[in-house]
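Take a look at the structure below.
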Amino acid sequence: MSEHIIPTSSAAQDALAGANEVAGGSPKVNLLGLSEAKLSDFFASLNEPKFRAVQVLKWIHQLGADNFEDMTNVSKSLRAKLSAVAEIRPPEVVKQLDSADGTRKFLIRVSGNNVVETVFIPDGDRGTLCVSSQVGCSLDCSFCATGKQGFNRDLTAAEIIGQVWIAAKSFGQLTMNGPRAVTNVVMMGMGEPLLNFDNVVDSMNLMMHDNAYGLSKRRVTLSTSGVVPQLDRLSQFTDACLAISLHAPNDELRNELVPINRKYPIAMLLDSATRYIQSMPDTHRKITIEYTLIDQVNDRPHHAHELAELLRDVPVKINLIPFNPFNLSNYKRASNNAIRKFQDILMEAGYITTVRTTRGDDIDAACGQLAGSVNDITKRSERHRARFDEAQPIKILN
Ligand code: SAH
Ligand code: SF4
């Protein structure tokens, strides 16, 4: 393992990476997190034509620019104007850890002592980036290190897409149509993406935008533990892939492992996920079911049979995740035997079933093991959850 300590900058100490103060006290707009539509509005507010948004989008996301001086196809006077009112400010990387197997982890300071984690996992031609959406998480799943840390705040769109920007740039000089290290993104880092809906949607759409990262919709995946009202809205805003953190074949067990299940039980969640997939124009899409295997808790053959039965009419593929143990948990990872048996039962029942291999063990870099450092703000978890409950009453489906 090698470790790079990257010096901290004072700008990155700001609580909100989306806005920074300039000398006169007016906020500079951070263009890093703006969707193409928002960037077009920004240029319209400067009486500049829309094509400027495309130019600047390419500079930021395809060439990794962090200042306007580099933008040689933008006039000098516009560059000066932009420098006065705007900035391109990624979040601050405090540490980069490189594993012997090529996995790379970034510790990213988002405010005060709060640190979120981003992990890059290479696998042949594929390079998957596991991106965080919140500082901590309010949903408190019993087997999750992030959940045990409590919740601090949502990441801004600049902090979310900034993780992709940082990872892409860490692999060297970028050229417009050159090879890319990051070929896939999964929203499986810290936080529940659907509880930070607008910023996550804007960021995922930048990942897929031809003038930004240009990833295909089959290479960007949102993972959710099941915030059904938000999932019901998702297809209006994006067509990325969907993964559901199921982890149990019945409500009784899932209520224990994933407490949000008490509000939005399995049947409701699977209905909503199926509607999302079916609203996509391309057929043959499948929901990825994530199932973390915990010794003696949910890894018995009868759980596998029950899961096979539960998913009978749902278009799914299944990804089994060996539980990653952490300090504050008494759970144990399922044995290799139990994992193999579980997989066999599902495959015999006709499901495409993969087992997630553990990578970056020497730097604790497995997705689902990202802990960072989170200052929980008392009651903030409850307030955050309540905000969404009020905004989106539960729909009861037949
Ligand atoms: N909040 C979202 C996305 C982040 S968690 C969600 O829950 O889906 C990403 C995945 O890692 C989820 O499937 C989650 O259940 C899993 N996970 C969390 N803690 C884990 C652990 N200790 N071991 C294995 N998987 C874990
Ligand atoms: Fe939050 Fe996902 Fe962890 Fe549950 S598994 S606490 S939803 S990050």
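Each chain in the structure tokens gets a letter, A, B, ..., in the order shown, and its residues are numbered from 1; ligands are numbered from 1 in order too.
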With ligand 2 as the partner and 10 Å as the cut-off, tabulate the residues of chain A that qualify, each row holding the nearest pair of atoms and their distance in Å to one decimal, using only C-alpha atoms and all ligand atoms, sorted by chain and rising number, as a Markdown table.
```
| residue | atom | partner | partner_atom_place_in_ligand_line | distance |
| --- | --- | --- | --- | --- |
| A:Ser132 | CA | ligand 2 | 8 (S) | 8.8 |
| A:Ser133 | CA | ligand 2 | 8 (S) | 9.0 |
| A:Gln134 | CA | ligand 2 | 8 (S) | 8.5 |
| A:Val135 | CA | ligand 2 | 8 (S) | 9.7 |
| A:Gly136 | CA | ligand 2 | 8 (S) | 7.2 |
| A:Cys137 | CA | ligand 2 | 1 (Fe) | 4.6 |
| A:Ser138 | CA | ligand 2 | 1 (Fe) | 6.3 |
| A:Leu139 | CA | ligand 2 | 6 (S) | 4.7 |
| A:Asp140 | CA | ligand 2 | 6 (S) | 4.2 |
| A:Cys141 | CA | ligand 2 | 4 (Fe) | 4.2 |
| A:Ser142 | CA | ligand 2 | 6 (S) | 7.4 |
| A:Phe143 | CA | ligand 2 | 5 (S) | 7.3 |
| A:Cys144 | CA | ligand 2 | 3 (Fe) | 4.6 |
| A:Ala145 | CA | ligand 2 | 3 (Fe) | 6.7 |
| A:Thr146 | CA | ligand 2 | 3 (Fe) | 5.1 |
| A:Gly147 | CA | ligand 2 | 6 (S) | 3.5 |
| A:Lys148 | CA | ligand 2 | 6 (S) | 7.1 |
| A:Gln149 | CA | ligand 2 | 6 (S) | 8.8 |
| A:Gly150 | CA | ligand 2 | 6 (S) | 8.4 |
| A:Phe151 | CA | ligand 2 | 1 (Fe) | 9.1 |
| A:Met187 | CA | ligand 2 | 2 (Fe) | 9.9 |
| A:Met188 | CA | ligand 2 | 2 (Fe) | 7.5 |
| A:Gly189 | CA | ligand 2 | 8 (S) | 7.0 |
| A:Met190 | CA | ligand 2 | 8 (S) | 5.1 |
| A:Gly191 | CA | ligand 2 | 8 (S) | 4.2 |
| A:Glu192 | CA | ligand 2 | 7 (S) | 4.9 |
| A:Pro193 | CA | ligand 2 | 7 (S) | 8.4 |
| A:Leu194 | CA | ligand 2 | 7 (S) | 9.4 |
| A:Leu195 | CA | ligand 2 | 7 (S) | 9.3 |
| A:Ser223 | CA | ligand 2 | 2 (Fe) | 8.0 |
| A:Thr224 | CA | ligand 2 | 7 (S) | 6.6 |
| A:Ser225 | CA | ligand 2 | 7 (S) | 4.9 |
| A:Gly226 | CA | ligand 2 | 7 (S) | 8.0 |
| A:Val227 | CA | ligand 2 | 7 (S) | 9.0 |
| A:Ile244 | CA | ligand 2 | 2 (Fe) | 9.9 |
| A:Ser245 | CA | ligand 2 | 5 (S) | 7.3 |
| A:Leu246 | CA | ligand 2 | 5 (S) | 9.8 |
| A:His247 | CA | ligand 2 | 5 (S) | 9.7 |
| A:Leu257 | CA | ligand 2 | 4 (Fe) | 8.6 |
| A:Val258 | CA | ligand 2 | 4 (Fe) | 6.3 |
| A:Pro259 | CA | ligand 2 | 4 (Fe) | 8.3 |
| A:Ile260 | CA | ligand 2 | 7 (S) | 8.2 |
| A:Thr292 | CA | ligand 2 | 5 (S) | 9.7 |
| A:Gly368 | CA | ligand 2 | 5 (S) | 7.0 |
| A:Gln369 | CA | ligand 2 | 3 (Fe) | 8.9 |
| A:Leu370 | CA | ligand 2 | 8 (S) | 8.9 |
| A:Ala371 | CA | ligand 2 | 8 (S) | 9.6 |
```
For the residues in the current selection, export N, CA and C atoms as a CSV table (one decimal), in the first residue's frame.
```
chain,number,residue,atom,x,y,z
A,132,SER,N,-19.7,8.6,-3.0
A,132,SER,CA,-20.6,8.9,-1.8
A,132,SER,C,-21.5,10.0,-2.1
A,133,SER,N,-22.7,10.0,-1.5
A,133,SER,CA,-23.7,11.0,-1.7
A,133,SER,C,-24.1,11.8,-0.5
A,134,GLN,N,-23.7,11.4,0.7
A,134,GLN,CA,-24.0,12.1,1.9
A,134,GLN,C,-22.8,12.0,2.9
A,135,VAL,N,-22.8,12.9,3.8
A,135,VAL,CA,-21.8,12.8,4.9
A,135,VAL,C,-22.5,11.9,6.0
A,136,GLY,N,-22.2,10.7,6.0
A,136,GLY,CA,-22.9,9.7,6.9
A,136,GLY,C,-24.2,9.3,6.3
A,137,CYS,N,-25.1,8.7,7.1
A,137,CYS,CA,-26.4,8.3,6.5
A,137,CYS,C,-27.4,8.2,7.7
A,138,SER,N,-28.6,8.6,7.4
A,138,SER,CA,-29.6,8.7,8.5
A,138,SER,C,-30.4,7.4,8.7
A,139,LEU,N,-30.1,6.4,7.8
A,139,LEU,CA,-31.0,5.3,7.8
A,139,LEU,C,-30.6,4.1,8.7
A,140,ASP,N,-29.4,4.1,9.2
A,140,ASP,CA,-29.0,3.2,10.3
A,140,ASP,C,-29.2,1.7,10.1
A,141,CYS,N,-28.8,1.2,8.9
A,141,CYS,CA,-28.9,-0.2,8.7
A,141,CYS,C,-27.9,-0.9,9.7
A,142,SER,N,-28.4,-2.0,10.2
A,142,SER,CA,-27.7,-2.6,11.4
A,142,SER,C,-26.3,-3.1,11.0
A,143,PHE,N,-26.0,-3.4,9.7
A,143,PHE,CA,-24.7,-4.0,9.3
A,143,PHE,C,-23.8,-3.0,8.6
A,144,CYS,N,-24.1,-1.7,8.7
A,144,CYS,CA,-23.4,-0.7,7.8
A,144,CYS,C,-22.6,0.3,8.6
A,145,ALA,N,-21.3,0.3,8.3
A,145,ALA,CA,-20.4,1.2,9.0
A,145,ALA,C,-20.8,2.7,8.9
A,146,THR,N,-21.3,3.1,7.7
A,146,THR,CA,-21.7,4.4,7.5
A,146,THR,C,-22.9,4.8,8.4
A,147,GLY,N,-23.8,3.9,8.4
A,147,GLY,CA,-25.1,4.1,9.2
A,147,GLY,C,-24.7,4.3,10.7
A,148,LYS,N,-23.7,3.6,11.1
A,148,LYS,CA,-23.4,3.6,12.6
A,148,LYS,C,-22.7,5.0,12.9
A,149,GLN,N,-22.3,5.7,11.9
A,149,GLN,CA,-21.7,7.0,12.1
A,149,GLN,C,-22.7,8.1,12.3
A,150,GLY,N,-23.9,7.9,12.0
A,150,GLY,CA,-24.9,8.9,12.0
A,150,GLY,C,-24.9,9.8,10.8
A,151,PHE,N,-25.6,10.9,10.8
A,151,PHE,CA,-25.7,11.7,9.6
A,151,PHE,C,-25.3,13.1,9.9
A,187,MET,N,-23.3,4.5,-7.3
A,187,MET,CA,-23.6,5.4,-6.1
A,187,MET,C,-23.7,4.4,-4.9
A,188,MET,N,-22.6,3.8,-4.5
A,188,MET,CA,-22.6,2.8,-3.4
A,188,MET,C,-21.6,3.2,-2.3
A,189,GLY,N,-21.2,4.5,-2.3
A,189,GLY,CA,-20.4,4.9,-1.2
A,189,GLY,C,-21.2,5.3,0.0
A,190,MET,N,-20.8,6.3,0.7
A,190,MET,CA,-21.5,6.7,1.9
A,190,MET,C,-22.8,7.4,1.6
A,191,GLY,N,-23.8,7.1,2.3
A,191,GLY,CA,-25.1,7.9,2.2
A,191,GLY,C,-26.1,7.2,1.4
A,192,GLU,N,-27.3,7.7,1.5
A,192,GLU,CA,-28.5,7.1,0.7
A,192,GLU,C,-28.8,8.1,-0.4
A,193,PRO,N,-28.4,7.8,-1.6
A,193,PRO,CA,-28.6,8.7,-2.7
A,193,PRO,C,-30.0,9.3,-2.9
A,194,LEU,N,-31.0,8.5,-2.7
A,194,LEU,CA,-32.4,9.0,-2.9
A,194,LEU,C,-32.8,10.1,-1.8
A,195,LEU,N,-32.0,10.2,-0.7
A,195,LEU,CA,-32.3,11.2,0.2
A,195,LEU,C,-31.6,12.5,-0.1
A,223,SER,N,-27.7,3.0,-6.1
A,223,SER,CA,-28.1,1.9,-5.2
A,223,SER,C,-28.9,2.6,-4.1
A,224,THR,N,-30.1,1.9,-3.7
A,224,THR,CA,-30.9,2.5,-2.7
A,224,THR,C,-31.4,1.4,-1.7
A,225,SER,N,-31.5,1.8,-0.5
A,225,SER,CA,-32.1,0.9,0.5
A,225,SER,C,-33.6,0.9,0.5
A,226,GLY,N,-34.2,1.8,-0.3
A,226,GLY,CA,-35.6,1.7,-0.5
A,226,GLY,C,-36.4,2.9,-0.1
A,227,VAL,N,-36.0,4.1,-0.5
A,227,VAL,CA,-36.8,5.3,-0.2
A,227,VAL,C,-37.9,5.4,-1.3
A,244,ILE,N,-31.0,-2.4,-5.8
A,244,ILE,CA,-31.8,-2.4,-4.5
A,244,ILE,C,-31.1,-3.2,-3.5
A,245,SER,N,-30.9,-2.5,-2.3
A,245,SER,CA,-30.2,-3.2,-1.2
A,245,SER,C,-31.3,-4.0,-0.4
A,246,LEU,N,-31.4,-5.2,-0.8
A,246,LEU,CA,-32.5,-6.0,-0.2
A,246,LEU,C,-32.1,-6.7,1.1
A,247,HIS,N,-31.1,-7.6,1.0
A,247,HIS,CA,-30.5,-8.2,2.2
A,247,HIS,C,-31.3,-9.2,3.0
A,257,LEU,N,-32.7,-5.5,9.7
A,257,LEU,CA,-31.4,-5.2,9.0
A,257,LEU,C,-31.5,-3.8,8.4
A,258,VAL,N,-32.6,-3.5,7.8
A,258,VAL,CA,-32.8,-2.2,7.0
A,258,VAL,C,-34.0,-1.5,7.6
A,259,PRO,N,-33.9,-0.7,8.6
A,259,PRO,CA,-35.1,-0.2,9.3
A,259,PRO,C,-36.1,0.6,8.4
A,260,ILE,N,-35.6,1.1,7.3
A,260,ILE,CA,-36.6,1.9,6.5
A,260,ILE,C,-37.6,0.9,5.9
A,292,THR,N,-26.2,-8.7,1.1
A,292,THR,CA,-25.0,-8.8,2.0
A,292,THR,C,-25.2,-10.1,2.8
A,368,GLY,N,-19.3,-0.4,0.7
A,368,GLY,CA,-20.1,-0.9,1.8
A,368,GLY,C,-19.2,-1.0,3.1
A,369,GLN,N,-18.0,-0.5,3.0
A,369,GLN,CA,-17.2,-0.5,4.2
A,369,GLN,C,-16.6,0.9,4.3
A,370,LEU,N,-17.1,1.8,3.6
A,370,LEU,CA,-16.6,3.2,3.6
A,370,LEU,C,-17.1,3.9,4.8
A,371,ALA,N,-16.2,4.3,5.7
A,371,ALA,CA,-16.5,4.8,6.9
A,371,ALA,C,-16.3,6.3,7.0
```
So which residues touch Gly127 of chain A within 8 Å, counting only C-alpha atoms, skipping near sequence neighbours fewer than 6 positions away, as a PyMOL selection string?
chain A and resi 120-121+181-184
Just the selected residues (all heavy atoms), exported as a JSON list (two decimals), in the first residue's frame, please.
```
[["chain", "number", "residue", "atom", "x", "y", "z"],
["A", 120, "PHE", "N", -11.89, 3.71, -6.18],
["A", 120, "PHE", "CA", -11.76, 3.29, -7.58],
["A", 120, "PHE", "C", -11.30, 1.83, -7.59],
["A", 120, "PHE", "O", -10.30, 1.49, -6.97],
["A", 120, "PHE", "CB", -10.72, 4.17, -8.29],
["A", 120, "PHE", "CG", -10.42, 3.71, -9.69],
["A", 120, "PHE", "CD1", -11.28, 4.01, -10.74],
["A", 120, "PHE", "CD2", -9.29, 2.94, -9.95],
["A", 120, "PHE", "CE1", -11.00, 3.57, -12.03],
["A", 120, "PHE", "CE2", -9.02, 2.49, -11.23],
["A", 120, "PHE", "CZ", -9.88, 2.80, -12.28],
["A", 121, "ILE", "N", -12.05, 0.99, -8.30],
["A", 121, "ILE", "CA", -11.73, -0.44, -8.33],
["A", 121, "ILE", "C", -11.52, -0.89, -9.78],
["A", 121, "ILE", "O", -12.47, -0.98, -10.56],
["A", 121, "ILE", "CB", -12.90, -1.25, -7.70],
["A", 121, "ILE", "CG1", -13.19, -0.74, -6.28],
["A", 121, "ILE", "CG2", -12.57, -2.76, -7.68],
["A", 121, "ILE", "CD1", -14.60, -0.99, -5.82],
["A", 181, "ALA", "N", -9.91, 6.25, -17.26],
["A", 181, "ALA", "CA", -9.74, 5.23, -16.22],
["A", 181, "ALA", "C", -11.10, 4.84, -15.63],
["A", 181, "ALA", "O", -11.38, 3.68, -15.37],
["A", 181, "ALA", "CB", -8.82, 5.75, -15.13],
["A", 182, "VAL", "N", -11.96, 5.86, -15.44],
["A", 182, "VAL", "CA", -13.26, 5.58, -14.82],
["A", 182, "VAL", "C", -14.26, 5.24, -15.92],
["A", 182, "VAL", "O", -14.65, 6.09, -16.72],
["A", 182, "VAL", "CB", -13.77, 6.81, -14.02],
["A", 182, "VAL", "CG1", -15.15, 6.54, -13.43],
["A", 182, "VAL", "CG2", -12.78, 7.19, -12.93],
["A", 183, "THR", "N", -14.66, 3.96, -15.98],
["A", 183, "THR", "CA", -15.60, 3.54, -17.02],
["A", 183, "THR", "C", -17.00, 3.30, -16.46],
["A", 183, "THR", "O", -17.97, 3.23, -17.21],
["A", 183, "THR", "CB", -15.13, 2.23, -17.69],
["A", 183, "THR", "OG1", -15.08, 1.20, -16.68],
["A", 183, "THR", "CG2", -13.76, 2.38, -18.33],
["A", 184, "ASN", "N", -17.10, 3.13, -15.13],
["A", 184, "ASN", "CA", -18.38, 2.86, -14.48],
["A", 184, "ASN", "C", -18.46, 3.64, -13.17],
["A", 184, "ASN", "O", -17.44, 3.82, -12.52],
["A", 184, "ASN", "CB", -18.50, 1.37, -14.13],
["A", 184, "ASN", "CG", -18.55, 0.48, -15.35],
["A", 184, "ASN", "OD1", -17.60, 0.45, -16.13],
["A", 184, "ASN", "ND2", -19.63, -0.26, -15.51]]
```
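The two atoms in question, atom CA of Ser216 of chain A and atom CA of Trp165 of chain A, are spaced 16.8 Å apart.
Distances here use only C-alpha atoms and all ligand atoms; by that measure, the residue among A:Ile318, A:Val94, A:Ala267, A:Val115 closest to ligand 1 is A:Ile318.
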Report as a ChimeraX atom specification all protein, DNA and RNA residues lying within 8 Å of segment 283-289 of chain A, evaluated on only C-alpha atoms, omitting residues in the same chain fewer than 6 positions from it.
/A:241-246,273-274,277,315-319
Can you spit out the residues from that selection as a compact mmCIF listing (two decimals), in the first residue's frame, using all heavy atoms?
```
# COMPACT_ATOMS: atom_id res chain seq x y z
N CYS A 241 -28.94 2.86 -14.24
CA CYS A 241 -29.27 1.53 -13.71
C CYS A 241 -29.65 1.64 -12.23
O CYS A 241 -29.25 2.58 -11.54
CB CYS A 241 -28.08 0.59 -13.82
SG CYS A 241 -27.65 0.22 -15.51
N LEU A 242 -30.38 0.62 -11.78
CA LEU A 242 -30.88 0.64 -10.41
C LEU A 242 -30.45 -0.61 -9.65
O LEU A 242 -30.57 -1.73 -10.16
CB LEU A 242 -32.42 0.70 -10.45
CG LEU A 242 -33.12 0.72 -9.10
CD1 LEU A 242 -32.80 2.00 -8.32
CD2 LEU A 242 -34.65 0.59 -9.30
N ALA A 243 -29.93 -0.40 -8.44
CA ALA A 243 -29.63 -1.52 -7.54
C ALA A 243 -30.43 -1.34 -6.26
O ALA A 243 -30.54 -0.21 -5.74
CB ALA A 243 -28.13 -1.57 -7.23
N ILE A 244 -31.00 -2.42 -5.78
CA ILE A 244 -31.79 -2.37 -4.54
C ILE A 244 -31.07 -3.17 -3.47
O ILE A 244 -30.71 -4.34 -3.67
CB ILE A 244 -33.20 -3.01 -4.79
CG1 ILE A 244 -33.98 -2.22 -5.84
CG2 ILE A 244 -33.98 -3.13 -3.49
CD1 ILE A 244 -34.44 -0.85 -5.41
N SER A 245 -30.86 -2.53 -2.32
CA SER A 245 -30.21 -3.20 -1.19
C SER A 245 -31.27 -3.99 -0.44
O SER A 245 -31.93 -3.46 0.45
CB SER A 245 -29.58 -2.17 -0.26
OG SER A 245 -28.48 -1.58 -0.89
N LEU A 246 -31.42 -5.24 -0.78
CA LEU A 246 -32.52 -6.04 -0.20
C LEU A 246 -32.08 -6.72 1.10
O LEU A 246 -32.67 -6.51 2.15
CB LEU A 246 -33.00 -7.05 -1.24
CG LEU A 246 -34.35 -7.68 -0.93
CD1 LEU A 246 -35.46 -6.65 -0.93
CD2 LEU A 246 -34.67 -8.79 -1.94
N ALA A 273 -39.49 -0.45 -7.87
CA ALA A 273 -38.28 -0.71 -8.66
C ALA A 273 -38.66 -1.29 -10.03
O ALA A 273 -38.07 -0.91 -11.05
CB ALA A 273 -37.36 -1.67 -7.90
N THR A 274 -39.64 -2.15 -10.05
CA THR A 274 -40.08 -2.75 -11.33
C THR A 274 -40.66 -1.67 -12.24
O THR A 274 -40.37 -1.63 -13.44
CB THR A 274 -41.13 -3.85 -11.06
OG1 THR A 274 -40.55 -4.78 -10.15
CG2 THR A 274 -41.52 -4.56 -12.34
N ILE A 277 -37.80 0.29 -13.84
CA ILE A 277 -37.14 -0.46 -14.94
C ILE A 277 -38.04 -0.51 -16.16
O ILE A 277 -37.60 -0.34 -17.30
CB ILE A 277 -36.81 -1.90 -14.44
CG1 ILE A 277 -35.69 -1.86 -13.42
CG2 ILE A 277 -36.46 -2.84 -15.59
CD1 ILE A 277 -34.36 -1.39 -13.97
N PRO A 315 -37.85 -8.68 -12.71
CA PRO A 315 -36.67 -8.79 -13.59
C PRO A 315 -35.39 -8.39 -12.85
O PRO A 315 -35.08 -7.20 -12.72
CB PRO A 315 -36.98 -7.79 -14.71
CG PRO A 315 -37.95 -6.82 -14.12
CD PRO A 315 -38.67 -7.50 -13.00
N VAL A 316 -34.67 -9.40 -12.34
CA VAL A 316 -33.50 -9.10 -11.50
C VAL A 316 -32.27 -9.90 -11.88
O VAL A 316 -32.36 -10.96 -12.50
CB VAL A 316 -33.77 -9.40 -10.00
CG1 VAL A 316 -34.87 -8.53 -9.43
CG2 VAL A 316 -34.07 -10.88 -9.77
N LYS A 317 -31.12 -9.39 -11.49
CA LYS A 317 -29.92 -10.20 -11.33
C LYS A 317 -29.48 -9.96 -9.90
O LYS A 317 -29.81 -8.92 -9.31
CB LYS A 317 -28.85 -9.83 -12.36
CG LYS A 317 -28.45 -8.39 -12.35
CD LYS A 317 -27.50 -8.09 -13.49
CE LYS A 317 -27.22 -6.60 -13.50
NZ LYS A 317 -26.51 -6.12 -14.66
N ILE A 318 -28.76 -10.92 -9.35
CA ILE A 318 -28.47 -10.85 -7.91
C ILE A 318 -26.97 -10.74 -7.68
O ILE A 318 -26.19 -11.46 -8.30
CB ILE A 318 -29.04 -12.09 -7.18
CG1 ILE A 318 -30.56 -12.17 -7.41
CG2 ILE A 318 -28.72 -12.06 -5.69
CD1 ILE A 318 -31.20 -13.47 -6.95
N ASN A 319 -26.60 -9.80 -6.81
CA ASN A 319 -25.19 -9.64 -6.45
C ASN A 319 -25.06 -9.93 -4.94
O ASN A 319 -25.61 -9.20 -4.12
CB ASN A 319 -24.74 -8.21 -6.78
CG ASN A 319 -23.23 -8.02 -6.66
OD1 ASN A 319 -22.76 -6.98 -6.24
ND2 ASN A 319 -22.46 -9.03 -7.02
```
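Counting only C-alpha atoms and all ligand atoms, the residue from A:Gln230, A:Asn337, A:Asn199, A:Thr358 that sits nearest to ligand 1 is A:Thr358.
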